$ cat query.cif   # mmCIF, C-alpha atoms
data_start
#
loop_
_atom_site.label_atom_id
_atom_site.label_comp_id
_atom_site.auth_asym_id
_atom_site.auth_seq_id
_atom_site.Cartn_x
_atom_site.Cartn_y
_atom_site.Cartn_z
CA MET D 1 173.92 68.41 191.58
CA THR D 2 177.35 67.28 190.49
CA ALA D 3 177.26 63.51 190.59
CA PRO D 4 179.80 61.44 192.50
CA GLN D 5 181.49 58.68 190.54
CA ALA D 6 178.87 56.38 189.05
CA ASP D 7 178.29 53.00 190.61
CA THR D 8 177.94 50.71 187.60
CA THR D 9 176.65 47.75 189.58
CA ASN D 10 172.96 47.03 189.96
CA ALA D 11 173.14 45.31 193.33
CA PRO D 12 170.16 45.58 195.70
CA ARG D 13 170.56 47.36 199.00
CA ALA D 14 171.68 45.27 201.93
CA ASP D 15 168.82 46.60 204.04
CA MET D 16 166.09 46.15 201.40
CA ALA D 17 163.94 44.34 203.98
CA ASP D 18 163.53 47.67 205.79
CA ALA D 19 161.69 49.05 202.78
CA GLU D 20 159.48 45.96 202.61
CA ARG D 21 158.38 46.66 206.17
CA GLY D 22 157.56 50.27 205.29
CA PHE D 23 154.30 52.15 205.21
CA GLY D 24 152.88 50.04 202.39
CA GLU D 25 151.20 51.84 199.52
CA LEU D 26 149.01 54.94 199.54
CA ARG D 27 146.54 55.11 196.66
CA GLY D 28 145.03 57.94 194.67
CA GLY D 29 142.84 56.43 191.96
CA LYS D 30 144.98 54.37 189.58
CA LEU D 31 148.18 55.78 191.11
CA GLY D 32 149.95 54.54 194.21
CA VAL D 33 153.00 55.74 196.13
CA ARG D 34 155.38 53.48 198.02
CA VAL D 35 159.04 52.71 198.61
CA ALA D 36 160.78 50.51 196.02
CA THR D 37 161.29 46.95 197.26
CA THR D 38 163.11 45.24 194.38
CA PRO D 39 166.21 45.93 192.27
CA ASP D 40 164.01 46.08 189.15
CA GLU D 41 161.89 48.84 190.68
CA ILE D 42 165.01 50.83 191.58
CA ASP D 43 166.31 50.29 188.05
CA ALA D 44 163.04 51.69 186.67
CA ALA D 45 163.52 54.80 188.83
CA LEU D 46 167.08 55.25 187.55
CA ALA D 47 165.87 54.87 183.96
CA LEU D 48 163.14 57.47 184.50
CA ARG D 49 165.69 59.84 185.99
CA TYR D 50 167.88 59.44 182.91
CA ARG D 51 165.02 60.20 180.53
CA VAL D 52 164.02 63.33 182.48
CA PHE D 53 167.45 64.72 183.42
CA TYR D 54 169.45 63.80 180.31
CA ASP D 55 167.04 63.29 177.40
CA GLU D 56 164.62 66.06 178.36
CA ARG D 57 166.56 68.64 180.37
CA GLY D 58 169.95 68.45 178.70
CA ALA D 59 172.21 67.03 181.41
CA VAL D 60 175.54 65.80 180.06
CA PRO D 61 176.22 62.09 180.72
CA ASP D 62 179.61 60.49 181.11
CA ALA D 63 180.34 57.41 179.01
CA ALA D 64 179.09 54.88 181.57
CA THR D 65 175.87 56.82 182.19
CA ALA D 66 175.18 57.18 178.46
CA ALA D 67 175.81 53.47 177.85
CA SER D 68 173.50 52.33 180.65
CA ARG D 69 170.88 55.06 180.14
CA ARG D 70 170.58 55.16 183.92
CA ASP D 71 171.11 58.15 186.21
CA ARG D 72 173.06 56.35 188.93
CA ASP D 73 175.57 57.30 191.60
CA VAL D 74 177.00 55.81 194.78
CA PHE D 75 174.17 57.19 196.92
CA ASP D 76 171.52 55.08 195.20
CA ALA D 77 172.80 51.92 196.88
CA VAL D 78 172.11 53.28 200.39
CA ALA D 79 168.97 55.33 199.67
CA ASP D 80 165.28 54.54 199.77
CA HIS D 81 163.56 55.23 196.46
CA LEU D 82 160.02 56.58 196.69
CA LEU D 83 157.93 55.62 193.66
CA VAL D 84 154.64 56.65 192.13
CA VAL D 85 153.25 53.67 190.22
CA ASP D 86 150.46 53.74 187.62
CA HIS D 87 148.53 50.53 188.23
CA ALA D 88 146.78 50.92 184.87
CA ILE D 89 150.18 50.14 183.33
CA GLY D 90 151.30 47.65 185.96
CA PRO D 91 151.98 47.29 189.70
CA GLY D 92 155.75 46.86 189.38
CA PRO D 93 158.68 48.50 187.59
CA GLU D 94 156.74 48.86 184.35
CA GLY D 95 154.36 51.30 186.08
CA VAL D 96 156.92 53.67 187.66
CA VAL D 97 156.04 57.24 186.64
CA ALA D 98 157.67 59.37 189.38
CA THR D 99 160.41 58.99 191.94
CA TYR D 100 162.18 60.71 194.83
CA ARG D 101 165.43 59.64 196.52
CA LEU D 102 165.42 59.64 200.34
CA ILE D 103 168.64 59.33 202.36
CA ARG D 104 168.54 59.12 206.15
CA ALA D 105 171.55 59.83 208.35
CA PRO D 106 172.39 56.13 209.03
CA ALA D 107 172.51 55.52 205.27
CA ALA D 108 174.72 58.57 204.65
CA THR D 109 177.06 57.34 207.39
CA LYS D 110 177.86 54.30 205.24
CA LEU D 111 179.39 56.63 202.65
CA GLY D 112 180.70 59.22 205.08
CA ARG D 113 178.69 62.10 203.63
CA PHE D 114 175.41 63.35 202.22
CA TYR D 115 175.08 64.20 198.54
CA SER D 116 174.47 67.91 199.25
CA ALA D 117 177.89 68.22 200.90
CA ASP D 118 179.42 68.41 197.40
CA GLU D 119 177.75 71.82 197.00
CA TYR D 120 177.01 73.17 200.49
CA ASP D 121 178.38 73.39 203.99
CA ILE D 122 175.56 71.46 205.64
CA SER D 123 177.09 71.33 209.12
CA PRO D 124 174.17 73.32 210.62
CA VAL D 125 171.83 70.63 209.31
CA ILE D 126 174.01 67.76 210.50
CA ASP D 127 174.21 69.36 213.96
CA PHE D 128 170.43 69.71 214.21
CA PRO D 129 169.16 67.92 217.36
CA GLY D 130 166.96 65.28 215.75
CA GLN D 131 166.65 62.89 212.83
CA VAL D 132 167.54 64.38 209.45
CA MET D 133 166.84 63.18 205.92
CA GLU D 134 168.12 64.32 202.54
CA LEU D 135 165.69 64.62 199.62
CA GLY D 136 166.86 64.54 196.03
CA ARG D 137 166.65 63.28 192.44
CA SER D 138 162.95 64.10 192.18
CA CYS D 139 161.41 63.61 188.77
CA VAL D 140 158.04 62.90 187.18
CA HIS D 141 157.24 61.45 183.75
CA PRO D 142 155.96 64.26 181.45
CA ASP D 143 152.53 62.65 181.14
CA TYR D 144 152.03 62.76 184.92
CA ARG D 145 153.06 66.30 185.80
CA ASN D 146 149.78 67.12 187.44
CA ARG D 147 148.40 67.79 190.88
CA THR D 148 147.60 64.13 191.58
CA ALA D 149 151.11 62.78 191.06
CA MET D 150 152.78 65.59 193.01
CA GLN D 151 150.34 65.26 195.89
CA LEU D 152 151.03 61.54 196.03
CA LEU D 153 154.76 62.16 196.23
CA TRP D 154 154.27 64.56 199.14
CA ARG D 155 151.89 62.14 200.85
CA GLY D 156 154.53 59.45 200.50
CA ILE D 157 157.20 61.71 201.97
CA ALA D 158 154.91 62.62 204.86
CA ALA D 159 154.26 58.94 205.53
CA TYR D 160 157.98 58.18 205.42
CA VAL D 161 158.70 61.11 207.76
CA ALA D 162 156.11 59.83 210.23
CA MET D 163 157.40 56.26 210.05
CA HIS D 164 161.05 57.21 210.64
CA ARG D 165 160.34 60.17 212.94
CA ILE D 166 162.28 62.61 210.78
CA ASP D 167 162.67 66.08 212.29
CA LEU D 168 164.39 67.93 209.44
CA MET D 169 164.45 67.41 205.68
CA PHE D 170 166.97 69.05 203.36
CA GLY D 171 168.40 68.79 199.88
CA CYS D 172 169.23 70.64 196.69
CA ALA D 173 166.43 71.91 194.46
CA SER D 174 167.15 72.92 190.87
CA LEU D 175 166.18 75.86 188.69
CA PRO D 176 166.60 75.38 184.91
CA GLY D 177 169.63 76.88 183.17
CA THR D 178 173.07 77.96 184.31
CA ASP D 179 172.88 81.76 183.96
CA PRO D 180 172.25 83.34 187.39
CA ASP D 181 171.25 86.65 185.84
CA ALA D 182 168.49 84.94 183.84
CA LEU D 183 167.16 83.71 187.19
CA ALA D 184 167.78 86.96 189.05
CA THR D 185 164.11 87.44 189.99
CA GLU D 186 163.71 83.91 191.37
CA LEU D 187 167.01 83.88 193.27
CA THR D 188 166.49 87.33 194.77
CA TYR D 189 162.95 86.46 195.83
CA LEU D 190 164.07 83.25 197.54
CA TYR D 191 166.89 85.01 199.40
CA ALA D 192 164.73 87.97 200.46
CA HIS D 193 161.62 86.04 201.52
CA HIS D 194 162.65 82.48 202.43
CA LEU D 195 166.19 82.53 203.82
CA ALA D 196 166.64 79.81 206.45
CA PRO D 197 167.25 80.71 210.11
CA ALA D 198 170.97 80.84 210.87
CA GLU D 199 170.86 77.72 213.05
CA VAL D 200 169.81 75.49 210.12
CA ARG D 201 171.14 77.51 207.17
CA PRO D 202 173.40 75.72 204.66
CA ARG D 203 175.88 77.91 202.80
CA ALA D 204 177.28 77.22 199.35
CA LEU D 205 180.91 76.13 199.44
CA PRO D 206 183.23 79.10 198.83
CA HIS D 207 184.49 77.90 195.45
CA ARG D 208 180.92 77.30 194.23
CA TYR D 209 179.11 80.22 195.86
CA VAL D 210 176.84 82.29 193.58
CA GLU D 211 175.22 85.41 195.02
CA MET D 212 171.43 85.07 195.17
CA ARG D 213 170.60 88.72 195.94
CA ARG D 214 170.96 89.93 192.36
CA LEU D 215 168.25 92.62 192.36
CA ASP D 216 166.83 95.12 194.81
CA PRO D 217 164.19 93.04 196.64
CA ALA D 218 161.93 96.11 196.80
CA SER D 219 161.72 96.06 193.01
CA LEU D 220 160.11 92.61 192.95
CA ASP D 221 156.46 91.66 192.76
CA PRO D 222 156.54 88.72 195.21
CA ARG D 223 153.48 87.05 193.69
CA ARG D 224 154.93 87.10 190.18
CA ALA D 225 158.34 86.00 191.42
CA LEU D 226 156.81 83.04 193.25
CA ALA D 227 154.87 82.06 190.14
CA LYS D 228 158.12 81.81 188.15
CA LEU D 229 159.61 79.17 190.45
CA PRO D 230 159.61 75.48 189.43
CA PRO D 231 156.73 73.46 190.95
CA LEU D 232 159.08 71.47 193.18
CA VAL D 233 160.57 74.60 194.76
CA LYS D 234 157.09 76.03 195.29
CA GLY D 235 156.13 72.75 196.92
CA TYR D 236 158.95 73.08 199.47
CA LEU D 237 157.88 76.64 200.25
CA ARG D 238 154.25 75.56 200.78
CA LEU D 239 155.55 73.10 203.36
CA GLY D 240 157.20 75.95 205.25
CA GLY D 241 160.60 75.39 203.71
CA PHE D 242 163.58 77.74 203.63
CA VAL D 243 166.58 78.16 201.34
CA GLY D 244 170.26 78.31 202.17
CA ASP D 245 172.73 81.10 201.48
CA GLY D 246 174.15 81.03 197.97
CA ALA D 247 173.23 79.21 194.77
CA VAL D 248 175.42 76.70 192.93
CA ILE D 249 175.85 76.27 189.18
CA ASP D 250 175.68 72.64 188.09
CA ALA D 251 176.95 72.58 184.52
CA GLN D 252 176.56 68.82 184.17
CA PHE D 253 172.83 68.91 184.97
CA ASN D 254 172.22 72.29 183.25
CA THR D 255 170.77 73.78 186.45
CA ILE D 256 171.34 76.26 189.22
CA ASP D 257 170.81 74.67 192.61
CA VAL D 258 169.55 76.12 195.87
CA ALA D 259 169.70 74.39 199.23
CA VAL D 260 166.30 73.72 200.80
CA VAL D 261 165.53 72.98 204.47
CA VAL D 262 162.15 71.93 205.87
CA LYS D 263 161.38 71.34 209.54
CA THR D 264 158.88 68.50 209.47
CA GLU D 265 156.78 70.04 212.24
CA LEU D 266 155.79 72.54 209.54
CA VAL D 267 154.82 69.92 206.95
CA THR D 268 151.26 70.56 205.77
CA GLU D 269 149.07 68.64 208.19
CA LYS D 270 146.69 67.38 205.54
CA TYR D 271 149.34 64.93 204.35
CA LEU D 272 150.02 63.63 207.84
CA ARG D 273 146.31 63.39 208.65
CA HIS D 274 145.68 61.42 205.49
CA TYR D 275 148.53 59.02 206.31
CA GLU D 276 147.28 58.56 209.87
CA ARG D 277 143.82 57.68 208.53
CA GLN D 278 145.37 55.15 206.17
CA ALA D 279 147.32 53.60 209.04
CA ARG D 280 144.22 53.38 211.25
CA ASP D 281 142.20 51.80 208.45
CA ALA D 282 144.90 49.22 207.86
CA ALA D 283 144.93 48.33 211.57
CA ASP D 284 141.14 47.85 211.75
#

$ encode --input "query.cif" --output "structure tokens"
Amino acid sequence: MTAPQADTTNAPRADMADAERGFGELRGGKLGVRVATTPDEIDAALALRYRVFYDERGAVPDAATAASRRDRDVFDAVADHLLVVDHAIGPGPEGVVATYRLIRAPAATKLGRFYSADEYDISPVIDFPGQVMELGRSCVHPDYRNRTAMQLLWRGIAAYVAMHRIDLMFGCASLPGTDPDALATELTYLYAHHLAPAEVRPRALPHRYVEMRRLDPASLDPRRALAKLPPLVKGYLRLGGFVGDGAVIDAQFNTIDVAVVVKTELVTEKYLRHYERQARDAAD
């Protein structure tokens, strides 16, 4: 996920009111998921991203990023930031424990590109006949890496998808490390079992393309290979997701990226049903 030039301002989005008119908050015990509505909440998400990506996972910051201790780029100013908030800590920025960055096509138009275009030819996605949305910068505080927090994030995404009538989600998902051979099992499994249909298949840019089929697929135990994948990648697959052709080494973030595509008609219905119940209850 090579970052575009950092935006060192902390200005709120021009269309922040859109987020305030969003789906509200979905609760799961002391945790809630919603879209950030203030600059301070977005700043808390950027700070969490820095702690996870740089302090914990070994990403290499530039001088401005290290000084601010914020993972920030130009896309943050046009994105919606999905938050999981621990109300036992506080209902605002102090309680932010997980985040996901969501970029719809109108927002990407303001910058002339999606983030994933730095790694992949995403023209098949852009040409898809429907509304598309890019997912990225997902992270969860170490103390909250459990089923509840992840389910809340997916419920929030499902609610957002329903609200904005998104037809296709895509983005880059990361595997730890930068040695493709150390990830040969995972990359081969993804290519052999979850390659996207040609009509929506991103392909790594030629100068960044890393072959994913590194082993004979017949030599793999699919169950064990699946178990080795990061939870986020497994989450995409459970939602019926596919991967693109080719991996990309991201030396700055100490990861190998794969492109992920999810048709929202395949999103697990339990999330959508739960959101619809929440919406009906709110209307009563």

$ closest_residue --input "query.cif" --among "D:Asp86, D:Asp43, D:Asp76, D:Glu56" --to "Arg27 of chain D" --atoms "only C-alpha atoms"
D:Asp86

$ atom_distance --input "query.cif" --atom1 "atom CA of Thr38 of chain D" --atom2 "atom CA of Phe53 of chain D"
22.8 Å

$ resolve_selection --input "query.cif" --expression "the PyMOL selection byres ((chain D and resi 233-238) around 10)" --output "PyMOL selection string"
chain D and resi 150-151+154+170+172-175+190+194+226-232+239-243+258+260-262+266-268

$ resolve_selection --input "query.cif" --expression "the PyMOL selection byres ((chain D and resi 99) around 12)" --output "NGL selection string"
:D and (32-36 or 41-50 or 52 or 80-85 or 93 or 95-98 or 100-102 or 135-141 or 144 or 149-150 or 152-154 or 156-157)

$ residues_around --input "query.cif" --residues "Arg224 of chain D" --least-positions-apart "5" --cutoff "10 Å" --atoms "only C-alpha atoms" --output "number ranges by chain"
D: 185-186, 189, 229

$ atom_distance --input "query.cif" --atom1 "atom CA of Asp250 of chain D" --atom2 "atom CA of Arg208 of chain D"
9.3 Å

$ atom_distance --input "query.cif" --atom1 "atom CA of Pro124 of chain D" --atom2 "atom CA of Pro202 of chain D"
6.5 Å

$ build_atoms --input "query.cif" --residues "segment 105-130 of chain D" --atoms "N, CA and C atoms" --output "PDB file, keeping the file's coordinate frame"
ATOM      1  N   ALA D 105     170.190  59.690 207.820  1.00  0.00           N
ATOM      2  CA  ALA D 105     171.550  59.830 208.350  1.00  0.00           C
ATOM      3  C   ALA D 105     172.286  58.490 208.471  1.00  0.00           C
ATOM      4  N   PRO D 106     171.653  57.399 208.958  1.00  0.00           N
ATOM      5  CA  PRO D 106     172.390  56.130 209.030  1.00  0.00           C
ATOM      6  C   PRO D 106     172.873  55.650 207.666  1.00  0.00           C
ATOM      7  N   ALA D 107     172.096  55.912 206.619  1.00  0.00           N
ATOM      8  CA  ALA D 107     172.510  55.520 205.270  1.00  0.00           C
ATOM      9  C   ALA D 107     173.683  56.372 204.806  1.00  0.00           C
ATOM     10  N   ALA D 108     173.624  57.686 205.053  1.00  0.00           N
ATOM     11  CA  ALA D 108     174.720  58.570 204.650  1.00  0.00           C
ATOM     12  C   ALA D 108     176.010  58.216 205.373  1.00  0.00           C
ATOM     13  N   THR D 109     175.881  57.730 206.611  1.00  0.00           N
ATOM     14  CA  THR D 109     177.060  57.340 207.390  1.00  0.00           C
ATOM     15  C   THR D 109     177.854  56.248 206.683  1.00  0.00           C
ATOM     16  N   LYS D 110     177.172  55.386 205.956  1.00  0.00           N
ATOM     17  CA  LYS D 110     177.860  54.300 205.240  1.00  0.00           C
ATOM     18  C   LYS D 110     178.825  54.834 204.193  1.00  0.00           C
ATOM     19  N   LEU D 111     178.516  56.017 203.650  1.00  0.00           N
ATOM     20  CA  LEU D 111     179.390  56.630 202.650  1.00  0.00           C
ATOM     21  C   LEU D 111     180.233  57.756 203.209  1.00  0.00           C
ATOM     22  N   GLY D 112     179.932  58.165 204.438  1.00  0.00           N
ATOM     23  CA  GLY D 112     180.700  59.220 205.080  1.00  0.00           C
ATOM     24  C   GLY D 112     180.257  60.624 204.731  1.00  0.00           C
ATOM     25  N   ARG D 113     179.141  60.762 203.999  1.00  0.00           N
ATOM     26  CA  ARG D 113     178.690  62.100 203.630  1.00  0.00           C
ATOM     27  C   ARG D 113     177.294  62.030 203.025  1.00  0.00           C
ATOM     28  N   PHE D 114     176.630  63.175 202.983  1.00  0.00           N
ATOM     29  CA  PHE D 114     175.410  63.350 202.220  1.00  0.00           C
ATOM     30  C   PHE D 114     175.762  63.902 200.838  1.00  0.00           C
ATOM     31  N   TYR D 115     174.879  63.697 199.898  1.00  0.00           N
ATOM     32  CA  TYR D 115     175.080  64.200 198.540  1.00  0.00           C
ATOM     33  C   TYR D 115     175.258  65.712 198.508  1.00  0.00           C
ATOM     34  N   SER D 116     174.448  66.446 199.281  1.00  0.00           N
ATOM     35  CA  SER D 116     174.470  67.910 199.250  1.00  0.00           C
ATOM     36  C   SER D 116     175.799  68.495 199.697  1.00  0.00           C
ATOM     37  N   ALA D 117     176.610  67.713 200.403  1.00  0.00           N
ATOM     38  CA  ALA D 117     177.890  68.220 200.900  1.00  0.00           C
ATOM     39  C   ALA D 117     178.854  68.536 199.766  1.00  0.00           C
ATOM     40  N   ASP D 118     178.582  68.057 198.539  1.00  0.00           N
ATOM     41  CA  ASP D 118     179.420  68.410 197.400  1.00  0.00           C
ATOM     42  C   ASP D 118     179.191  69.858 196.965  1.00  0.00           C
ATOM     43  N   GLU D 119     178.078  70.458 197.408  1.00  0.00           N
ATOM     44  CA  GLU D 119     177.750  71.820 197.000  1.00  0.00           C
ATOM     45  C   GLU D 119     177.670  72.798 198.170  1.00  0.00           C
ATOM     46  N   TYR D 120     177.309  72.289 199.357  1.00  0.00           N
ATOM     47  CA  TYR D 120     177.010  73.170 200.490  1.00  0.00           C
ATOM     48  C   TYR D 120     177.706  72.705 201.763  1.00  0.00           C
ATOM     49  N   ASP D 121     178.008  73.687 202.606  1.00  0.00           N
ATOM     50  CA  ASP D 121     178.380  73.390 203.990  1.00  0.00           C
ATOM     51  C   ASP D 121     177.069  73.112 204.717  1.00  0.00           C
ATOM     52  N   ILE D 122     176.824  71.837 205.016  1.00  0.00           N
ATOM     53  CA  ILE D 122     175.560  71.460 205.640  1.00  0.00           C
ATOM     54  C   ILE D 122     175.753  71.147 207.129  1.00  0.00           C
ATOM     55  N   SER D 123     176.849  71.613 207.707  1.00  0.00           N
ATOM     56  CA  SER D 123     177.090  71.330 209.120  1.00  0.00           C
ATOM     57  C   SER D 123     175.957  71.807 210.027  1.00  0.00           C
ATOM     58  N   PRO D 124     175.300  72.964 209.756  1.00  0.00           N
ATOM     59  CA  PRO D 124     174.170  73.320 210.620  1.00  0.00           C
ATOM     60  C   PRO D 124     173.044  72.295 210.576  1.00  0.00           C
ATOM     61  N   VAL D 125     172.851  71.668 209.438  1.00  0.00           N
ATOM     62  CA  VAL D 125     171.830  70.630 209.310  1.00  0.00           C
ATOM     63  C   VAL D 125     172.255  69.367 210.050  1.00  0.00           C
ATOM     64  N   ILE D 126     173.502  68.972 209.851  1.00  0.00           N
ATOM     65  CA  ILE D 126     174.010  67.760 210.500  1.00  0.00           C
ATOM     66  C   ILE D 126     173.964  67.896 212.019  1.00  0.00           C
ATOM     67  N   ASP D 127     174.190  69.115 212.514  1.00  0.00           N
ATOM     68  CA  ASP D 127     174.210  69.360 213.960  1.00  0.00           C
ATOM     69  C   ASP D 127     172.814  69.535 214.547  1.00  0.00           C
ATOM     70  N   PHE D 128     171.785  69.518 213.714  1.00  0.00           N
ATOM     71  CA  PHE D 128     170.430  69.710 214.210  1.00  0.00           C
ATOM     72  C   PHE D 128     170.063  68.602 215.193  1.00  0.00           C
ATOM     73  N   PRO D 129     169.458  68.931 216.347  1.00  0.00           N
ATOM     74  CA  PRO D 129     169.160  67.920 217.360  1.00  0.00           C
ATOM     75  C   PRO D 129     167.906  67.108 217.011  1.00  0.00           C
ATOM     76  N   GLY D 130     168.077  66.129 216.163  1.00  0.00           N
ATOM     77  CA  GLY D 130     166.960  65.280 215.750  1.00  0.00           C
ATOM     78  C   GLY D 130     167.352  64.476 214.528  1.00  0.00           C
TER      79      GLY D 130
END
